[in-house]
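**Student:** Before anything else, here's the structure in question.
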Amino acid sequence: MVRTIRRAPAGLVGTCVAAVAVIGLLTGCAGTPSGNAVVGTWGSTAAKQPNLTIENDGAFSGTDGCNRLTGRGSIDGDSITFGPIASTMMACTGVDEWLGKAVTGTAKGSTLVVYDLSGNQIGTLDKK
């Protein structure tokens with residue numbers, strides 16, 4: 001039995017290596033590296049306290065202290081614009097459900113400042 005080994009032309013190999021390198025660089029740019037300021041877990045896990053986890057792709061989930069919140073937003077630098085927020089609709093007493101009204105948030109050091117549709121600050125969450 002005779003085996004024949006065929007090799008790709010040198011130019012093709014170089015082109016393939018260059019293409020793989022470019023793809024690797026572009027993949028490294030995926031997500032929002034500049035958004036690392038807002039990515040993470042914010043707030044308290046204590047009962048009746050709001051908290052929010054924001055992923056690098058803008059997905060978020062948490063609680064307003066009563067109802068579960070979830071959605072996907074858009075991260076730009078140290079800010080996030082929340083997309084529509086899906087929420088459970090439980091009735092709770094003694095809980096300020098302000099987080100469910102969030103439209104934007106900006107990371108200022110270890111604090112996420114949250115704003116409503118009118119641009120008014122409605123609350124803050126400390127980074128965990």
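Please note that chains go A, B, ... in the order of the structure tokens, that every chain numbers its residues from 1, and that ligands are numbered from 1 in the order shown.
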So that I can see what lies close to Gly94 (chain A), please list as a PyMOL selection string the residues with an atom at most 10 Å from it, counting only C-alpha atoms and leaving out residues fewer than 4 positions away in the same chain.
**Tutor:** chain A and resi 48+65-66
**Student:** For those residues, write C-alpha atoms to a file as a tab-separated table (two decimals), in the first residue's frame.
**Tutor:**
chain	number	residue	atom	x	y	z
A	48	LYS	CA	-36.44	42.09	50.80
A	65	GLY	CA	-36.60	42.55	46.89
A	66	CYS	CA	-39.88	40.83	46.08
**Student:** Contacts of region 81-90 of chain A at 6 Å or less, counting only C-alpha atoms, minus same-chain residues fewer than 5 places along, as a ChimeraX atom specification?
**Tutor:** /A:67-74,103-104
**Student:** With N, CA, C and O atoms retained, write the just-selected residues as a CSV table (one decimal), in the first residue's frame.
**Tutor:**
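The resulting file, out-v7.csv, is reproduced below:
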chain,number,residue,atom,x,y,z
A,67,ASN,N,-40.0,40.6,43.7
A,67,ASN,CA,-40.2,39.9,42.4
A,67,ASN,C,-38.9,39.7,41.7
A,67,ASN,O,-37.9,40.5,41.8
A,68,ARG,N,-38.8,38.6,41.0
A,68,ARG,CA,-37.7,38.2,40.1
A,68,ARG,C,-37.7,39.1,38.9
A,68,ARG,O,-38.7,39.3,38.3
A,69,LEU,N,-36.5,39.6,38.5
A,69,LEU,CA,-36.3,40.4,37.3
A,69,LEU,C,-35.4,39.8,36.4
A,69,LEU,O,-34.4,39.1,36.8
A,70,THR,N,-35.6,39.9,35.1
A,70,THR,CA,-34.7,39.4,34.1
A,70,THR,C,-34.9,40.2,32.8
A,70,THR,O,-35.9,40.8,32.5
A,71,GLY,N,-33.8,40.2,32.0
A,71,GLY,CA,-33.9,40.9,30.7
A,71,GLY,C,-32.5,40.9,30.1
A,71,GLY,O,-31.6,40.3,30.5
A,72,ARG,N,-32.4,41.7,29.0
A,72,ARG,CA,-31.1,41.9,28.3
A,72,ARG,C,-31.1,43.4,28.0
A,72,ARG,O,-32.0,44.0,27.4
A,73,GLY,N,-29.9,44.0,28.3
A,73,GLY,CA,-29.7,45.4,28.0
A,73,GLY,C,-28.5,45.6,27.1
A,73,GLY,O,-28.0,44.6,26.5
A,74,SER,N,-28.1,46.8,27.0
A,74,SER,CA,-27.0,47.2,26.1
A,74,SER,C,-25.9,47.9,26.9
A,74,SER,O,-26.2,48.9,27.6
A,103,VAL,N,-34.2,52.1,33.9
A,103,VAL,CA,-34.0,52.3,32.5
A,103,VAL,C,-32.6,52.3,32.1
A,103,VAL,O,-32.1,51.7,31.1
A,104,THR,N,-31.7,52.9,33.0
A,104,THR,CA,-30.3,53.0,32.8
A,104,THR,C,-29.6,52.8,34.1
A,104,THR,O,-30.2,53.0,35.1
**Student:** Show which residues sit within 8 Å of region 50-61 of chain A, as a list of chain:residue names. Count only C-alpha atoms, and ignore same-chain residues fewer than 5 positions away.
**Tutor:**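 Using only C-alpha atoms, the neighbours found are A:Gly31, A:Thr32, A:Pro33, A:Gly35, A:Asn36, A:Val38, A:Val39, A:Gly40, A:Thr41, A:Trp42, A:Gly43, A:Ser44, A:Thr45, A:Arg68, A:Leu69, A:Thr70, A:Gly71, A:Arg72, A:Gly73, A:Ser74, A:Ile75, A:Ile80, A:Leu99, A:Leu125.
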**Student:** Could you save the residues just selected, with C-alpha atoms, as a short mmCIF file (atom, residue, chain, number, x, y, z; two decimals), in the first residue's frame?
**Tutor:**
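Final output, out-v3.cif:
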data_model
loop_
_atom_site.label_atom_id
_atom_site.label_comp_id
_atom_site.auth_asym_id
_atom_site.auth_seq_id
_atom_site.Cartn_x
_atom_site.Cartn_y
_atom_site.Cartn_z
CA GLY A 31 -18.55 41.20 24.26
CA THR A 32 -17.95 44.52 25.93
CA PRO A 33 -14.55 44.65 27.59
CA GLY A 35 -18.31 47.38 30.03
CA ASN A 36 -16.47 45.46 32.72
CA VAL A 38 -21.05 47.30 35.07
CA VAL A 39 -20.56 43.55 34.74
CA GLY A 40 -20.97 41.67 38.02
CA THR A 41 -23.31 41.31 40.97
CA TRP A 42 -24.78 44.39 42.60
CA GLY A 43 -26.90 44.83 45.71
CA SER A 44 -27.68 42.65 48.68
CA THR A 45 -28.85 39.06 48.89
CA ARG A 68 -37.67 38.21 40.13
CA LEU A 69 -36.35 40.42 37.33
CA THR A 70 -34.69 39.40 34.07
CA GLY A 71 -33.87 40.86 30.69
CA ARG A 72 -31.15 41.94 28.31
CA GLY A 73 -29.68 45.39 28.02
CA SER A 74 -26.97 47.17 26.11
CA ILE A 75 -23.63 47.95 27.74
CA ILE A 80 -26.07 49.93 30.80
CA LEU A 99 -35.42 48.38 40.64
CA LEU A 125 -26.62 49.13 44.39
#
**Student:** What lies within 10 Å of Trp98 (chain A) using only C-alpha atoms, ignoring chain neighbours under 4 positions off, as a list of chain:residue names?
**Tutor:**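 The neighbour list is A:Pro50, A:Asp64, A:Gly65, A:Ala102, A:Val114, A:Tyr115, A:Asp116, A:Ile122, A:Gly123.
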**Student:** For C-alpha atoms, I'd like the residues from the last selection saved as an mmCIF file, in the first residue's frame.
**Tutor:**
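Below is the file that was written, again_25.cif:
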data_model
loop_
_atom_site.group_PDB
_atom_site.id
_atom_site.type_symbol
_atom_site.label_atom_id
_atom_site.label_comp_id
_atom_site.auth_asym_id
_atom_site.auth_seq_id
_atom_site.Cartn_x
_atom_site.Cartn_y
_atom_site.Cartn_z
ATOM 1 C CA PRO A 50 -32.697 44.399 45.627
ATOM 2 C CA ASP A 64 -36.341 44.025 43.403
ATOM 3 C CA GLY A 65 -36.597 42.549 46.894
ATOM 4 C CA ALA A 102 -34.783 50.878 35.924
ATOM 5 C CA VAL A 114 -29.880 53.464 38.645
ATOM 6 C CA TYR A 115 -32.111 55.912 36.749
ATOM 7 C CA ASP A 116 -35.742 55.851 35.601
ATOM 8 C CA ILE A 122 -34.144 55.976 41.707
ATOM 9 C CA GLY A 123 -31.593 53.977 43.665
#
**Student:** Tell me, in Å to one decimal, how far CA of Lys127 (chain A) is from CA of Leu112 (chain A).
**Tutor:**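 Atom-to-atom, CA of Lys127 (chain A) and CA of Leu112 (chain A) are spaced 7.2 Å apart.
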**Student:** Pick the closest to Lys108 (chain A) from A:Thr63, A:Gly77, A:Val95, A:Ala37: which is it, counting only C-alpha atoms?
**Tutor:**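 Answer, going by the shortest atom-to-atom distance: A:Ala37.
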**Student:** Which one of A:Asp78, A:Cys92, A:Ala46, A:Ser110 sits closest to Lys128 (chain A) if you count only C-alpha atoms?
**Tutor:**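 Residue with the minimum atom-to-atom distance to Lys128 (chain A): A:Ser110.
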**Student:** With DSSP run on the backbone, what are the strand (DSSP E or B) residues within region 76-121 of chain A? I'd like them as a ChimeraX atom specification.
**Tutor:** /A:76,79-81,86-87,104-108,111-115,121
**Student:** What gap, in Å, lies between CA of Val113 (chain A) and CA of Ala91 (chain A)?
**Tutor:** 25.6 Å
**Student:** Could you work out how far CA of Gly109 (chain A) lies from CA of Asp126 (chain A), giving the answer in Å with one decimal?
**Tutor:**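 CA of Asp126 (chain A) sits 9.2 Å away from CA of Gly109 (chain A).
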